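Asker: Got a structure for you, written out below as structure tokens; questions coming shortly.
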Amino acid sequence: MATMFYERDAKPEVLKSRKIAILGYGSQGHAHALNLHDSGFDVRVGLRPESSSVHKAEDAGLRVLGIADAVAEADVIMVLLPDTEQKRIYDLEIAPHLSAGKCLMFAHGFNIRFNLIEPPSDVDVVMVAPKGPGHLVRRTYVEGGGVPSLIAVHHDATGHAHDLALAYAHGIGATRAGVLETTFTEETETDLFGEQAVLCGGVSALVRAGYEVLTEAGYQPESAYFEVLHELKLIVDLMYEEGITGMRFSVSDTAEYGDLTRGPRVITEQVKDEMRNILAEIQDGRFAAEWIKENEIGRPRYRELREAGKRHPIEQVGKDLRAMMPFVSAGKQKVADVSGGDTD
């Protein structure tokens, strides 16, 4: 059984006497910095001097330093920079200031799992990974709740790594909801698989395929959009709140029968075999190597595929329909206002 931790298990005092640096002020960065600050911890934000987020952080009442200065000053360093930027910034601005006894934190295990970053043996290396976007981490904290999070210890140089991770999770509000202990390997591999095979890659490919089948059969694009994309939120919300069984209870008997009898014809054993191939590519490092190489050569395939996706007919139909439904984007600006820039 998984080990779960709550507020009663945390020792926030182990973090109270330490200086914390949050590197980055994007979706997660702004939430971590503000939540920790409001929890009474000593927080500073590390950003590039030219970053567009400097003023956002300062306007929120946070102290902003350059990345190297923030790392040099801090005892606990949380790296909330894009995966593809972390190694370069680590080598240039973090590693030179990692003295013995400091704690290096991550919210995703990619760079540690695939040995892109190899911290010295005399620092703690831990992970605190909220299972939700930054705006939700911030909003639920302000409302008195929290977002469930994962913690992991990769290296315990001081003997206090686990307590520091749990205290940090407590500071961002995660222990209010529950904190699950995992490993860097498990978090990284399951996270990448979930994104690729189900949450992003699987869902978007399934939606586009469904749209194409309906429109190729002569149905109106607008009707196809509503049936395969717009209503997806309803189903996902039901699954989020009550699980798959709860979703099936809430839909019609006709929908449930179609789910039970036709779903397995779409997600066949062959599809599962391809999922297993995707997982194997993650586990043995092929995906990481491919993604690193893609970045080294300027992301040509990434950009080509992204632009092709933008040109898919479902995108224009959806844009036109969403313009007729202002309630769909009512919260969009609020998210943009608090999220900052993901590249900072």
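Simple scheme: letters A, B, ... for chains in structure tokens order, numbers from 1 for residues in each chain, numbers from 1 for ligands in the order shown.
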Would you list the contacts of Met127 in chain A as an MDAnalysis selection string, taking every protein, DNA or RNA residue within 8 Å and counting only C-alpha atoms, but skipping same-chain residues closer than 3 positions in sequence?
Answerer: chainID A and resid 105:109 150:154 165 184
Asker: Can you write just those residues out, N, CA, C and O atoms, as a compact mmCIF listing (two decimals), in the first residue's frame?
Answerer:
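Saved as part.txt:
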```
# COMPACT_ATOMS: atom_id res chain seq x y z
N MET A 105 15.71 20.73 -4.73
CA MET A 105 14.37 20.18 -4.93
C MET A 105 13.94 20.30 -6.39
O MET A 105 14.33 21.22 -7.09
N PHE A 106 13.08 19.36 -6.79
CA PHE A 106 12.48 19.37 -8.12
C PHE A 106 10.98 19.07 -7.98
O PHE A 106 10.55 18.47 -6.99
N ALA A 107 10.21 19.49 -8.99
CA ALA A 107 8.79 19.15 -9.03
C ALA A 107 8.50 18.10 -10.08
O ALA A 107 7.35 17.70 -10.29
N HIS A 108 9.55 17.66 -10.77
CA HIS A 108 9.45 16.59 -11.76
C HIS A 108 10.82 15.95 -11.84
O HIS A 108 11.84 16.64 -11.79
N GLY A 109 10.86 14.61 -11.96
CA GLY A 109 12.13 13.91 -11.84
C GLY A 109 12.94 13.75 -13.10
O GLY A 109 13.99 13.09 -13.07
N LEU A 150 3.11 14.59 -4.60
CA LEU A 150 4.04 13.49 -4.43
C LEU A 150 5.32 14.02 -3.80
O LEU A 150 5.72 15.15 -4.07
N ILE A 151 5.95 13.21 -2.96
CA ILE A 151 7.29 13.54 -2.49
C ILE A 151 8.19 12.33 -2.72
O ILE A 151 7.74 11.19 -2.74
N ALA A 152 9.48 12.60 -2.92
CA ALA A 152 10.46 11.53 -3.10
C ALA A 152 11.82 12.02 -2.64
O ALA A 152 12.12 13.21 -2.74
N VAL A 153 12.60 11.11 -2.13
CA VAL A 153 13.98 11.41 -1.72
C VAL A 153 14.92 10.64 -2.63
O VAL A 153 14.90 9.40 -2.64
N HIS A 154 15.72 11.36 -3.38
CA HIS A 154 16.73 10.74 -4.25
C HIS A 154 18.04 10.54 -3.52
O HIS A 154 18.72 9.52 -3.69
N ALA A 165 11.26 17.65 2.65
CA ALA A 165 10.29 17.50 1.57
C ALA A 165 8.86 17.61 2.10
O ALA A 165 8.01 18.29 1.50
N PHE A 184 11.78 9.08 -7.61
CA PHE A 184 12.01 9.88 -8.82
C PHE A 184 11.70 9.05 -10.07
O PHE A 184 11.11 9.54 -11.03
```
Asker: Env of Ser99 in chain A: 10 Å cut, atoms = only C-alpha atoms, seq-sep filter 2 positions within chain, self excluded. Answer as a tab-separated table (two decimals) with N, CA, C and O atoms, in the first residue's frame.
Answerer:
```tsv
chain	number	residue	atom	x	y	z
A	71	VAL	N	20.46	31.12	-5.45
A	71	VAL	CA	20.99	29.82	-5.05
A	71	VAL	C	22.08	29.99	-3.99
A	71	VAL	O	22.13	29.24	-3.00
A	72	ALA	N	22.96	30.96	-4.17
A	72	ALA	CA	24.04	31.19	-3.23
A	72	ALA	C	23.51	31.55	-1.84
A	72	ALA	O	24.08	31.14	-0.82
A	75	ASP	N	19.28	27.94	1.40
A	75	ASP	CA	19.61	26.62	1.91
A	75	ASP	C	18.82	25.54	1.16
A	75	ASP	O	19.26	24.40	1.06
A	95	ALA	N	24.97	24.73	-9.82
A	95	ALA	CA	26.04	23.86	-9.31
A	95	ALA	C	27.16	24.62	-8.60
A	95	ALA	O	27.63	24.17	-7.54
A	96	PRO	N	27.63	25.77	-9.12
A	96	PRO	CA	28.73	26.47	-8.45
A	96	PRO	C	28.41	26.94	-7.04
A	96	PRO	O	29.33	27.25	-6.27
A	97	HIS	N	27.12	26.97	-6.68
A	97	HIS	CA	26.71	27.50	-5.38
A	97	HIS	C	26.05	26.44	-4.49
A	97	HIS	O	25.42	26.79	-3.49
A	101	GLY	N	25.28	20.32	2.55
A	101	GLY	CA	24.16	20.49	3.46
A	101	GLY	C	22.95	21.18	2.87
A	101	GLY	O	21.88	21.22	3.49
A	102	LYS	N	23.09	21.74	1.65
A	102	LYS	CA	21.94	22.37	1.01
A	102	LYS	C	20.99	21.29	0.50
A	102	LYS	O	21.33	20.11	0.41
A	103	CYS	N	19.79	21.72	0.16
A	103	CYS	CA	18.77	20.79	-0.35
A	103	CYS	C	18.32	21.26	-1.72
A	103	CYS	O	17.87	22.40	-1.88
A	120	PRO	N	26.08	16.96	-6.33
A	120	PRO	CA	27.14	16.42	-5.48
A	120	PRO	C	26.56	15.56	-4.36
A	120	PRO	O	25.40	15.71	-3.98
A	122	ASP	N	27.06	15.59	-1.25
A	122	ASP	CA	26.86	16.17	0.07
A	122	ASP	C	25.66	17.11	0.15
A	122	ASP	O	25.53	17.90	1.08
A	123	VAL	N	24.75	17.04	-0.83
A	123	VAL	CA	23.49	17.81	-0.76
A	123	VAL	C	22.31	16.85	-0.82
A	123	VAL	O	22.39	15.78	-1.42
```
Asker: Do you have the CA of Gly46 in chain A-CA of Arg88 in chain A distance handy?
Answerer: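 We find that CA of Gly46 in chain A and CA of Arg88 in chain A lie 15.1 Å from each other.
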Asker: Residues at most 10 Å from Met247 in chain A, counting only C-alpha atoms, excluding those fewer than 3 positions away in the same chain, as number ranges by chain?
Answerer: A: 234-244, 250-252, 256
Asker: Using N, CA, C and O atoms, can you write the selected residues to a file as a PDB file, in the first residue's frame?
Answerer:
```pdb
ATOM      1  N   LEU A 234     -17.554  17.192 -19.574  1.00  0.00           N
ATOM      2  CA  LEU A 234     -18.595  16.621 -18.715  1.00  0.00           C
ATOM      3  C   LEU A 234     -18.194  15.239 -18.223  1.00  0.00           C
ATOM      4  O   LEU A 234     -18.276  14.930 -17.027  1.00  0.00           O
ATOM      5  N   ILE A 235     -17.734  14.412 -19.145  1.00  0.00           N
ATOM      6  CA  ILE A 235     -17.367  13.040 -18.790  1.00  0.00           C
ATOM      7  C   ILE A 235     -16.139  13.012 -17.887  1.00  0.00           C
ATOM      8  O   ILE A 235     -16.097  12.277 -16.884  1.00  0.00           O
ATOM      9  N   VAL A 236     -15.143  13.822 -18.216  1.00  0.00           N
ATOM     10  CA  VAL A 236     -13.929  13.855 -17.397  1.00  0.00           C
ATOM     11  C   VAL A 236     -14.231  14.376 -15.991  1.00  0.00           C
ATOM     12  O   VAL A 236     -13.717  13.853 -14.997  1.00  0.00           O
ATOM     13  N   ASP A 237     -15.080  15.385 -15.895  1.00  0.00           N
ATOM     14  CA  ASP A 237     -15.454  15.896 -14.572  1.00  0.00           C
ATOM     15  C   ASP A 237     -16.150  14.819 -13.739  1.00  0.00           C
ATOM     16  O   ASP A 237     -15.900  14.696 -12.537  1.00  0.00           O
ATOM     17  N   LEU A 238     -17.030  14.059 -14.380  1.00  0.00           N
ATOM     18  CA  LEU A 238     -17.710  12.975 -13.662  1.00  0.00           C
ATOM     19  C   LEU A 238     -16.710  11.920 -13.194  1.00  0.00           C
ATOM     20  O   LEU A 238     -16.798  11.425 -12.059  1.00  0.00           O
ATOM     21  N   MET A 239     -15.757  11.562 -14.042  1.00  0.00           N
ATOM     22  CA  MET A 239     -14.744  10.581 -13.661  1.00  0.00           C
ATOM     23  C   MET A 239     -13.854  11.126 -12.552  1.00  0.00           C
ATOM     24  O   MET A 239     -13.468  10.403 -11.625  1.00  0.00           O
ATOM     25  N   TYR A 240     -13.518  12.417 -12.628  1.00  0.00           N
ATOM     26  CA  TYR A 240     -12.683  13.074 -11.619  1.00  0.00           C
ATOM     27  C   TYR A 240     -13.365  13.040 -10.250  1.00  0.00           C
ATOM     28  O   TYR A 240     -12.726  12.811  -9.223  1.00  0.00           O
ATOM     29  N   GLU A 241     -14.681  13.257 -10.253  1.00  0.00           N
ATOM     30  CA  GLU A 241     -15.422  13.343  -9.001  1.00  0.00           C
ATOM     31  C   GLU A 241     -15.825  11.987  -8.441  1.00  0.00           C
ATOM     32  O   GLU A 241     -15.827  11.791  -7.220  1.00  0.00           O
ATOM     33  N   GLU A 242     -16.155  11.023  -9.312  1.00  0.00           N
ATOM     34  CA  GLU A 242     -16.743   9.775  -8.842  1.00  0.00           C
ATOM     35  C   GLU A 242     -16.087   8.511  -9.395  1.00  0.00           C
ATOM     36  O   GLU A 242     -16.551   7.407  -9.117  1.00  0.00           O
ATOM     37  N   GLY A 243     -15.032   8.672 -10.216  1.00  0.00           N
ATOM     38  CA  GLY A 243     -14.421   7.504 -10.824  1.00  0.00           C
ATOM     39  C   GLY A 243     -15.204   7.041 -12.046  1.00  0.00           C
ATOM     40  O   GLY A 243     -16.252   7.603 -12.395  1.00  0.00           O
ATOM     41  N   ILE A 244     -14.726   5.993 -12.688  1.00  0.00           N
ATOM     42  CA  ILE A 244     -15.381   5.492 -13.898  1.00  0.00           C
ATOM     43  C   ILE A 244     -16.765   4.939 -13.578  1.00  0.00           C
ATOM     44  O   ILE A 244     -17.738   5.185 -14.309  1.00  0.00           O
ATOM     45  N   SER A 250     -23.960   8.111 -13.861  1.00  0.00           N
ATOM     46  CA  SER A 250     -24.555   9.415 -14.161  1.00  0.00           C
ATOM     47  C   SER A 250     -25.024   9.556 -15.602  1.00  0.00           C
ATOM     48  O   SER A 250     -25.866  10.406 -15.890  1.00  0.00           O
ATOM     49  N   VAL A 251     -24.477   8.768 -16.521  1.00  0.00           N
ATOM     50  CA  VAL A 251     -24.911   8.869 -17.909  1.00  0.00           C
ATOM     51  C   VAL A 251     -26.111   7.947 -18.134  1.00  0.00           C
ATOM     52  O   VAL A 251     -26.495   7.177 -17.264  1.00  0.00           O
ATOM     53  N   SER A 252     -26.686   8.018 -19.326  1.00  0.00           N
ATOM     54  CA  SER A 252     -27.852   7.190 -19.623  1.00  0.00           C
ATOM     55  C   SER A 252     -27.464   5.718 -19.759  1.00  0.00           C
ATOM     56  O   SER A 252     -26.297   5.377 -19.974  1.00  0.00           O
ATOM     57  N   GLU A 256     -24.088   4.055 -21.263  1.00  0.00           N
ATOM     58  CA  GLU A 256     -23.290   3.091 -20.501  1.00  0.00           C
ATOM     59  C   GLU A 256     -23.129   1.779 -21.265  1.00  0.00           C
ATOM     60  O   GLU A 256     -22.036   1.189 -21.294  1.00  0.00           O
TER      61      GLU A 256
END
```
Asker: If you measure from CA of Asp59 in chain A to CA of Arg138 in chain A, what distance in Å do you get, rounded to one decimal?
Answerer: 16.3 Å
Asker: Between CA of Gly309 in chain A and CA of Gly263 in chain A, what is the spacing in Å?
Answerer: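 It comes out at 25.1 Å.
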Asker: Excluding range 291-297 of chain A and residues on its chain fewer than 4 positions from it, collect all residues at most 10 Å away from it, counting only C-alpha atoms, and give them as a list in words.
Answerer: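 Residues near the query, excluding close chain neighbours: Asp83, Thr84, Glu85, Leu116, Gly285, Arg286, Phe287, Arg301 and Tyr302 of chain A.
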Asker: Can you write out the residues you just picked, keeping N, CA, C and O atoms, as a short mmCIF file (atom, residue, chain, number, x, y, z; two decimals), in the first residue's frame?
Answerer:
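Contents of out_24.cif, as written:
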```cif
data_model
loop_
_atom_site.label_atom_id
_atom_site.label_comp_id
_atom_site.auth_asym_id
_atom_site.auth_seq_id
_atom_site.Cartn_x
_atom_site.Cartn_y
_atom_site.Cartn_z
N ASP A 83 11.92 21.59 -18.15
CA ASP A 83 12.82 20.43 -18.16
C ASP A 83 14.02 20.66 -19.07
O ASP A 83 15.15 20.32 -18.73
N THR A 84 13.76 21.23 -20.25
CA THR A 84 14.82 21.36 -21.25
C THR A 84 15.81 22.47 -20.92
O THR A 84 16.86 22.57 -21.55
N GLU A 85 15.48 23.33 -19.95
CA GLU A 85 16.37 24.41 -19.55
C GLU A 85 17.16 24.08 -18.30
O GLU A 85 18.15 24.75 -17.98
N LEU A 116 20.75 13.75 -16.38
CA LEU A 116 21.17 15.00 -17.02
C LEU A 116 21.78 15.93 -15.97
O LEU A 116 22.69 16.70 -16.27
N GLY A 285 15.02 5.08 -21.71
CA GLY A 285 15.66 6.35 -22.03
C GLY A 285 15.56 6.80 -23.47
O GLY A 285 16.07 7.88 -23.81
N ARG A 286 14.91 6.00 -24.33
CA ARG A 286 14.83 6.41 -25.74
C ARG A 286 14.06 7.70 -25.92
O ARG A 286 14.44 8.56 -26.73
N PHE A 287 12.95 7.85 -25.20
CA PHE A 287 12.18 9.09 -25.34
C PHE A 287 13.00 10.29 -24.87
O PHE A 287 13.04 11.33 -25.53
N ARG A 301 11.13 19.02 -35.69
CA ARG A 301 9.97 18.11 -35.75
C ARG A 301 8.86 18.57 -34.80
O ARG A 301 7.68 18.51 -35.14
N TYR A 302 9.26 19.01 -33.64
CA TYR A 302 8.31 19.54 -32.66
C TYR A 302 7.49 20.68 -33.27
O TYR A 302 6.26 20.71 -33.17
#
```
Asker: Listing only residues of range 155-230 of chain A within 10 Å of range 28-32 of chain A, what is the closest atom pair and its distance in Å (to one decimal) for each, using only C-alpha atoms, sorted by chain and residue number ascending, as a tab-separated table?
Answerer:
```
residue	atom	partner	partner_atom	distance
A:Tyr168	CA	A:His32	CA	9.1
A:Ala169	CA	A:His32	CA	9.3
A:Gly171	CA	A:His32	CA	8.3
A:Ile172	CA	A:His32	CA	5.8
A:Gly173	CA	A:His32	CA	9.3
```
Asker: For the helix (DSSP H, G or I) assignment from backbone DSSP, which residues of range 150-216 of chain A qualify? Please present them as a PyMOL selection string.
Answerer: chain A and resi 161-171+174-176+184-199+201-216
